[in-house]
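Asker: Got a structure for you, questions after.
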Amino acid sequence: MTTVLTPASFTRRTIFDGMIAKAAGLGAVPYAIVWPCEGHALAGAIEAARHGVLEPVLVGDPALIAGAAQEAGLSVTSCRIVEAETPERAVQVAIGLVHAGEVQGLAKGSLHTDTLMHGVVAQESGLRTSRRMSHVFMVTVAGRTDPLFVTDAAINITPDLVTKQHIVQNAIDLHHGLGYGTPRVAILSAVETINPRIQGTLDAACLSKMAERGEITGAVLDGPLAMDGAVDPQAASIKKLTSPVAGRAQILVVPDLEAGNIVVKALSFLGQASSGGIVLGAKVPILLTSRADSIEARLDSAALCALYARALAGGGERERK
């Protein structure tokens, strides 16, 4: 007898567990773990390796790595370790491994995010593209049969219109790369009408027009839309929103980092959602985790990054340009 999955049968883990299994079935993807010199950073890498999702290459001080592993009760004997004496040097060495074709992505270890991203965005890194880099959270909610993509809640603080164009396109390309097809993109604000005093509504209108003119491709866009009108069909109906996106959005584009951070954390801590994150816009995906992330969240992000690295290697030209 075939089991039919209905929205009610979906848990917050259904989608991510499937992604982890898919990534493992395709084989571990080599990733440089940059400066994994504390237990939390090593634990995530070891767990991803144990599940067959990533093949971690540990870039950092071997003595510090060994000490962190011993303190955390972890074994790194099966991992390749590439020596680098400082976090800054570890970033440079990891980027060199990308150019040498030895790894297909970068993952943050226990160094500061600014240190990692400063090295990546530097002109001499060779990892920059014509796109601005941006972050996407993939969030799964119980009872919802497809994930929500929320962007940008981690990199661009107050993005201007051109940066938002890149943020939107990066998220669209990720949606396609993971095999979810053409997404419905909601440009979020507090209201659904254009208000000159709310910059987000003006940007939303411009982004929608840019999509109409082919300056943003591969998706159906609409905005401004408030959060309820974007994700809840009943709310969209009550508000009489006539839109192919309203009530059915798959990508949520927030007006700024503060709003995005609040949205994701509200979903995670109040809605018990699962989430994984990825940085896009460079020549390879970047796995950017927080010290507070659980092992489960780190594994979810690893699966997300592994699958998208494979998509890029298979011809994801939009992201590479």
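Residue numbering restarts at 1 for every chain of the structure tokens, chains are lettered A, B, ... in their displayed order, and ligands are numbered from 1 as they appear.
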Would you give me, as a ChimeraX atom specification, the residues in region 16-135 of chain A that DSSP reads as alpha helix (DSSP H)?
Answerer: /A:16-26,39-50,62-72,87-99,113-121
Asker: Would you kindly return, as a PyMOL selection string, each protein, DNA or RNA residue with an atom no farther than 12 Å from any atom of Ala292 (chain A), considering only C-alpha atoms and excluding same-chain residues fewer than 4 positions away?
Answerer: chain A and resi 40-41+44+110+265+288+296-298
Asker: What does the file look like for those residues with N, CA, C and O atoms, as a compact mmCIF listing (two decimals), in the first residue's frame?
Answerer:
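This is the output file result_0.txt:
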# COMPACT_ATOMS: atom_id res chain seq x y z
N HIS A 40 32.36 23.16 18.65
CA HIS A 40 31.10 23.30 17.93
C HIS A 40 31.32 23.25 16.42
O HIS A 40 30.51 22.70 15.68
N ALA A 41 32.43 23.85 15.97
CA ALA A 41 32.72 23.85 14.54
C ALA A 41 33.13 22.46 14.06
O ALA A 41 32.72 22.01 12.98
N GLY A 44 30.00 19.89 13.87
CA GLY A 44 29.16 19.99 12.68
C GLY A 44 29.80 19.32 11.48
O GLY A 44 29.13 18.62 10.71
N SER A 110 35.39 28.27 13.43
CA SER A 110 35.21 29.05 14.66
C SER A 110 35.78 30.45 14.54
O SER A 110 35.94 31.14 15.55
N LYS A 265 14.07 33.86 13.10
CA LYS A 265 14.13 33.43 14.50
C LYS A 265 12.74 33.22 15.07
O LYS A 265 12.54 32.34 15.91
N LEU A 288 27.62 29.11 6.18
CA LEU A 288 27.84 30.10 7.23
C LEU A 288 26.93 29.77 8.40
O LEU A 288 25.72 29.97 8.34
N GLU A 296 21.87 19.58 14.51
CA GLU A 296 20.84 19.34 13.50
C GLU A 296 20.83 20.45 12.46
O GLU A 296 20.80 20.20 11.25
N ALA A 297 20.89 21.70 12.92
CA ALA A 297 20.88 22.84 12.00
C ALA A 297 22.13 22.86 11.14
O ALA A 297 22.08 23.19 9.95
N ARG A 298 23.27 22.50 11.72
CA ARG A 298 24.52 22.45 10.94
C ARG A 298 24.45 21.37 9.86
O ARG A 298 24.92 21.57 8.74
Asker: Between A:Gly109, A:Pro255, A:Gly101, A:Gly18, which one has atoms that come closest to Thr163 (chain A), using only C-alpha atoms?
Answerer: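 So, comparing all the options, the nearest one is A:Pro255.
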Asker: I need the residues of region 234-286 of chain A that end up classed as strand (DSSP E or B) by DSSP on the backbone, written out as a PyMOL selection string.
Answerer: chain A and resi 251-253+274-280+282+286
Asker: Looking at only C-alpha atoms, which of A:Val162, A:Val263, A:Val284, A:Leu148 is the one that sits closest to Val231 (chain A)?
Answerer: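 Counting only C-alpha atoms, the residue closest to Val231 (chain A) is A:Leu148.
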Asker: Would you mind listing what lies within 10 Å of region 202-207 of chain A as a PyMOL selection string, with only C-alpha atoms counted and same-chain residues fewer than 5 positions away left out?
Answerer: chain A and resi 160-162+164-165+168+186-189+192-197+212-213+215-216+221-225+253-255
Asker: Go through A:Gly126, A:Gly314, A:Pro87, A:Gly200 and flag the residue nearest Asp61 (chain A), using only C-alpha atoms for the distances.
Answerer: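 Ranked by minimum distance to Asp61 (chain A), first place goes to A:Pro87.
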Asker: Quick one: residues within 9 Å of region 277-282 of chain A, only C-alpha atoms counted, chain neighbours fewer than 3 positions away excluded, as JSON, numbers by chain?
Answerer: {"A": [120, 121, 127, 128, 129, 130, 131, 132, 133, 134, 135, 136, 137, 138, 139, 154, 155, 166, 167, 170, 171, 174, 285, 286, 287, 288, 289, 297, 298, 300, 301, 302, 304, 305, 319, 320, 321]}
Asker: Those same residues, written as a tab-separated table (two decimals), in the first residue's frame with N, CA, C and O atoms?
Answerer:
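Generated output (part38.tsv):
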chain	number	residue	atom	x	y	z
A	120	VAL	N	36.83	36.44	1.33
A	120	VAL	CA	36.08	35.97	0.16
A	120	VAL	C	35.77	37.11	-0.79
A	120	VAL	O	35.88	36.97	-2.01
A	121	VAL	N	35.34	38.26	-0.25
A	121	VAL	CA	34.92	39.37	-1.11
A	121	VAL	C	36.08	40.19	-1.65
A	121	VAL	O	35.90	41.01	-2.56
A	127	LEU	N	37.05	34.81	-6.15
A	127	LEU	CA	35.77	34.14	-5.92
A	127	LEU	C	34.58	35.04	-6.22
A	127	LEU	O	33.44	34.58	-6.24
A	128	ARG	N	34.84	36.31	-6.47
A	128	ARG	CA	33.73	37.23	-6.72
A	128	ARG	C	33.16	37.02	-8.12
A	128	ARG	O	33.85	36.59	-9.04
A	129	THR	N	31.88	37.32	-8.24
A	129	THR	CA	31.21	37.29	-9.53
A	129	THR	C	30.59	38.68	-9.73
A	129	THR	O	30.83	39.60	-8.95
A	130	SER	N	29.79	38.83	-10.76
A	130	SER	CA	29.11	40.11	-10.98
A	130	SER	C	27.98	40.34	-10.00
A	130	SER	O	27.43	41.43	-9.91
A	131	ARG	N	27.63	39.32	-9.22
A	131	ARG	CA	26.55	39.41	-8.23
A	131	ARG	C	27.08	39.88	-6.88
A	131	ARG	O	28.20	39.56	-6.48
A	132	ARG	N	26.23	40.59	-6.16
A	132	ARG	CA	26.49	40.81	-4.75
A	132	ARG	C	26.21	39.51	-4.01
A	132	ARG	O	25.29	38.78	-4.34
A	133	MET	N	27.02	39.21	-3.01
A	133	MET	CA	26.79	38.00	-2.22
A	133	MET	C	25.63	38.22	-1.27
A	133	MET	O	25.42	39.32	-0.76
A	134	SER	N	24.87	37.18	-1.04
A	134	SER	CA	23.72	37.27	-0.15
A	134	SER	C	23.47	35.92	0.52
A	134	SER	O	23.98	34.89	0.08
A	135	HIS	N	22.70	35.96	1.56
A	135	HIS	CA	22.41	34.75	2.34
A	135	HIS	C	20.96	34.35	2.18
A	135	HIS	O	20.07	35.20	2.10
A	136	VAL	N	20.72	33.06	2.14
A	136	VAL	CA	19.36	32.52	2.08
A	136	VAL	C	19.18	31.50	3.19
A	136	VAL	O	20.00	30.59	3.34
A	137	PHE	N	18.13	31.67	3.97
A	137	PHE	CA	17.70	30.63	4.91
A	137	PHE	C	16.62	29.81	4.24
A	137	PHE	O	15.65	30.36	3.71
A	138	MET	N	16.78	28.50	4.25
A	138	MET	CA	15.72	27.60	3.83
A	138	MET	C	15.05	27.11	5.11
A	138	MET	O	15.69	26.54	6.00
A	139	VAL	N	13.75	27.36	5.21
A	139	VAL	CA	13.00	27.09	6.45
A	139	VAL	C	11.87	26.11	6.15
A	139	VAL	O	11.14	26.27	5.16
A	154	ALA	N	21.33	37.82	6.80
A	154	ALA	CA	22.64	37.58	7.42
A	154	ALA	C	23.80	38.37	6.83
A	154	ALA	O	24.82	38.53	7.49
A	155	ILE	N	23.69	38.88	5.62
A	155	ILE	CA	24.84	39.52	4.97
A	155	ILE	C	24.62	41.02	4.74
A	155	ILE	O	25.36	41.85	5.25
A	166	HIS	N	20.05	41.53	-6.89
A	166	HIS	CA	20.96	40.38	-6.81
A	166	HIS	C	20.50	39.39	-5.76
A	166	HIS	O	20.59	38.17	-5.95
A	167	ILE	N	20.01	39.90	-4.63
A	167	ILE	CA	19.50	39.04	-3.57
A	167	ILE	C	18.37	38.15	-4.09
A	167	ILE	O	18.33	36.94	-3.84
A	170	ASN	N	19.73	35.56	-6.70
A	170	ASN	CA	20.46	34.48	-6.02
A	170	ASN	C	19.49	33.45	-5.44
A	170	ASN	O	19.69	32.23	-5.58
A	171	ALA	N	18.44	33.92	-4.79
A	171	ALA	CA	17.46	33.01	-4.17
A	171	ALA	C	16.71	32.21	-5.23
A	171	ALA	O	16.43	31.01	-5.05
A	174	LEU	N	18.90	29.44	-6.46
A	174	LEU	CA	18.98	28.35	-5.49
A	174	LEU	C	17.73	27.47	-5.58
A	174	LEU	O	17.82	26.24	-5.57
A	285	PRO	N	29.45	27.84	-3.19
A	285	PRO	CA	28.59	28.12	-2.03
A	285	PRO	C	29.41	28.22	-0.75
A	285	PRO	O	30.49	27.62	-0.62
A	286	ILE	N	28.90	28.99	0.19
A	286	ILE	CA	29.56	29.17	1.48
A	286	ILE	C	28.59	28.78	2.58
A	286	ILE	O	27.46	29.27	2.63
A	287	LEU	N	29.05	27.89	3.44
A	287	LEU	CA	28.26	27.41	4.58
A	287	LEU	C	28.59	28.29	5.78
A	287	LEU	O	29.70	28.27	6.30
A	288	LEU	N	27.62	29.11	6.18
A	288	LEU	CA	27.84	30.10	7.23
A	288	LEU	C	26.93	29.77	8.40
A	288	LEU	O	25.72	29.97	8.34
A	289	THR	N	27.50	29.25	9.46
A	289	THR	CA	26.71	28.85	10.62
A	289	THR	C	26.99	29.76	11.80
A	289	THR	O	27.99	30.46	11.85
A	297	ALA	N	20.89	21.70	12.92
A	297	ALA	CA	20.88	22.84	12.00
A	297	ALA	C	22.13	22.86	11.14
A	297	ALA	O	22.08	23.19	9.95
A	298	ARG	N	23.27	22.50	11.72
A	298	ARG	CA	24.52	22.45	10.94
A	298	ARG	C	24.45	21.37	9.86
A	298	ARG	O	24.92	21.57	8.74
A	300	ASP	N	21.67	20.26	8.47
A	300	ASP	CA	20.72	20.74	7.46
A	300	ASP	C	21.40	21.69	6.48
A	300	ASP	O	21.22	21.59	5.27
A	301	SER	N	22.20	22.63	7.02
A	301	SER	CA	22.92	23.56	6.17
A	301	SER	C	23.93	22.85	5.29
A	301	SER	O	24.12	23.19	4.12
A	302	ALA	N	24.58	21.83	5.84
A	302	ALA	CA	25.56	21.07	5.07
A	302	ALA	C	24.91	20.37	3.89
A	302	ALA	O	25.45	20.37	2.77
A	304	LEU	N	22.12	21.25	2.37
A	304	LEU	CA	21.73	22.31	1.45
A	304	LEU	C	22.92	22.73	0.59
A	304	LEU	O	22.83	22.84	-0.64
A	305	CYS	N	24.06	22.98	1.24
A	305	CYS	CA	25.25	23.44	0.52
A	305	CYS	C	25.83	22.36	-0.38
A	305	CYS	O	26.31	22.65	-1.48
A	319	GLU	N	24.55	31.46	-11.34
A	319	GLU	CA	25.27	31.79	-10.12
A	319	GLU	C	26.74	32.12	-10.39
A	319	GLU	O	27.35	32.89	-9.67
A	320	ARG	N	27.31	31.55	-11.43
A	320	ARG	CA	28.73	31.74	-11.65
A	320	ARG	C	29.06	33.06	-12.32
A	320	ARG	O	30.16	33.54	-12.29
A	321	LYS	N	28.09	33.65	-12.99
A	321	LYS	CA	28.36	34.87	-13.75
A	321	LYS	C	28.64	36.03	-12.82
A	321	LYS	O	28.11	36.10	-11.74
Asker: If we count only C-alpha atoms, what is near Val82 (chain A) at a cut-off of 10 Å, once residues fewer than 3 positions away on the same chain are taken out, given as a list of chain:residue names?
Answerer: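 Selected residues are A:Ala32, A:Ile33, A:Val34, A:Trp35, A:Val57, A:Leu58, A:Val59, A:Gly60, A:Asp61, A:Pro62, A:Cys79, A:Ala90, A:Val93, A:Ala94, A:Leu97.
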Asker: Could you turn the residues from that selection into a file that holds all heavy atoms, as a short mmCIF file (atom, residue, chain, number, x, y, z; two decimals), in the first residue's frame?
Answerer:
data_model
loop_
_atom_site.label_atom_id
_atom_site.label_comp_id
_atom_site.auth_asym_id
_atom_site.auth_seq_id
_atom_site.Cartn_x
_atom_site.Cartn_y
_atom_site.Cartn_z
N ALA A 32 36.03 22.92 2.36
CA ALA A 32 37.06 23.40 3.27
C ALA A 32 36.39 23.98 4.50
O ALA A 32 35.60 24.93 4.39
CB ALA A 32 37.93 24.44 2.58
N ILE A 33 36.68 23.43 5.66
CA ILE A 33 36.16 23.96 6.92
C ILE A 33 37.22 24.93 7.45
O ILE A 33 38.31 24.51 7.84
CB ILE A 33 35.90 22.84 7.95
CG1 ILE A 33 35.20 21.64 7.28
CG2 ILE A 33 35.10 23.38 9.11
CD1 ILE A 33 33.86 21.94 6.67
N VAL A 34 36.91 26.21 7.44
CA VAL A 34 37.91 27.24 7.69
C VAL A 34 38.04 27.53 9.19
O VAL A 34 37.10 28.00 9.82
CB VAL A 34 37.55 28.54 6.94
CG1 VAL A 34 38.68 29.56 7.09
CG2 VAL A 34 37.30 28.24 5.45
N TRP A 35 39.19 27.18 9.72
CA TRP A 35 39.55 27.41 11.13
C TRP A 35 38.57 26.72 12.08
O TRP A 35 37.90 27.34 12.91
CB TRP A 35 39.63 28.90 11.43
CG TRP A 35 40.42 29.23 12.69
CD1 TRP A 35 39.90 29.60 13.89
CD2 TRP A 35 41.84 29.17 12.86
NE1 TRP A 35 40.91 29.79 14.81
CE2 TRP A 35 42.11 29.54 14.20
CE3 TRP A 35 42.91 28.85 12.02
CZ2 TRP A 35 43.40 29.60 14.71
CZ3 TRP A 35 44.20 28.91 12.53
CH2 TRP A 35 44.44 29.28 13.85
N VAL A 57 37.62 19.10 4.76
CA VAL A 57 39.05 19.37 4.74
C VAL A 57 39.27 20.46 5.78
O VAL A 57 38.82 21.60 5.59
CB VAL A 57 39.54 19.82 3.35
CG1 VAL A 57 41.02 20.14 3.39
CG2 VAL A 57 39.23 18.75 2.30
N LEU A 58 39.92 20.12 6.88
CA LEU A 58 40.07 21.04 8.00
C LEU A 58 41.27 21.95 7.78
O LEU A 58 42.40 21.47 7.67
CB LEU A 58 40.23 20.25 9.30
CG LEU A 58 39.18 19.15 9.55
CD1 LEU A 58 39.45 18.45 10.88
CD2 LEU A 58 37.77 19.72 9.53
N VAL A 59 41.02 23.25 7.70
CA VAL A 59 42.08 24.21 7.42
C VAL A 59 42.30 25.07 8.66
O VAL A 59 41.43 25.86 9.05
CB VAL A 59 41.71 25.11 6.22
CG1 VAL A 59 42.87 26.06 5.89
CG2 VAL A 59 41.35 24.27 5.01
N GLY A 60 43.47 24.89 9.29
CA GLY A 60 43.74 25.66 10.50
C GLY A 60 44.98 25.16 11.21
O GLY A 60 45.81 24.43 10.63
N ASP A 61 45.11 25.51 12.46
CA ASP A 61 46.26 25.11 13.29
C ASP A 61 46.05 23.67 13.75
O ASP A 61 45.10 23.39 14.51
CB ASP A 61 46.36 26.05 14.49
CG ASP A 61 47.58 25.78 15.34
OD1 ASP A 61 47.82 24.61 15.72
OD2 ASP A 61 48.30 26.75 15.65
N PRO A 62 46.91 22.73 13.33
CA PRO A 62 46.69 21.31 13.69
C PRO A 62 46.63 21.06 15.19
O PRO A 62 45.83 20.23 15.64
CB PRO A 62 47.91 20.61 13.05
CG PRO A 62 48.31 21.51 11.93
CD PRO A 62 48.05 22.90 12.41
N CYS A 79 39.99 12.80 8.83
CA CYS A 79 39.89 14.07 8.09
C CYS A 79 41.27 14.55 7.63
O CYS A 79 42.26 14.44 8.36
CB CYS A 79 39.26 15.15 8.97
SG CYS A 79 37.57 14.83 9.47
N ALA A 90 44.06 30.96 7.17
CA ALA A 90 43.20 29.81 6.86
C ALA A 90 42.22 30.15 5.74
O ALA A 90 41.94 29.31 4.88
CB ALA A 90 42.44 29.38 8.11
N VAL A 93 44.22 30.03 2.50
CA VAL A 93 44.55 28.65 2.12
C VAL A 93 43.29 27.94 1.59
O VAL A 93 43.35 27.21 0.58
CB VAL A 93 45.14 27.89 3.32
CG1 VAL A 93 45.26 26.39 3.01
CG2 VAL A 93 46.50 28.46 3.70
N ALA A 94 42.17 28.15 2.24
CA ALA A 94 40.92 27.51 1.81
C ALA A 94 40.52 27.98 0.42
O ALA A 94 40.08 27.19 -0.42
CB ALA A 94 39.81 27.81 2.81
N LEU A 97 42.46 26.19 -2.09
CA LEU A 97 41.95 24.83 -2.33
C LEU A 97 40.79 24.85 -3.31
O LEU A 97 40.64 23.92 -4.12
CB LEU A 97 41.51 24.20 -1.01
CG LEU A 97 42.61 23.89 0.01
CD1 LEU A 97 42.00 23.41 1.32
CD2 LEU A 97 43.59 22.85 -0.52
#
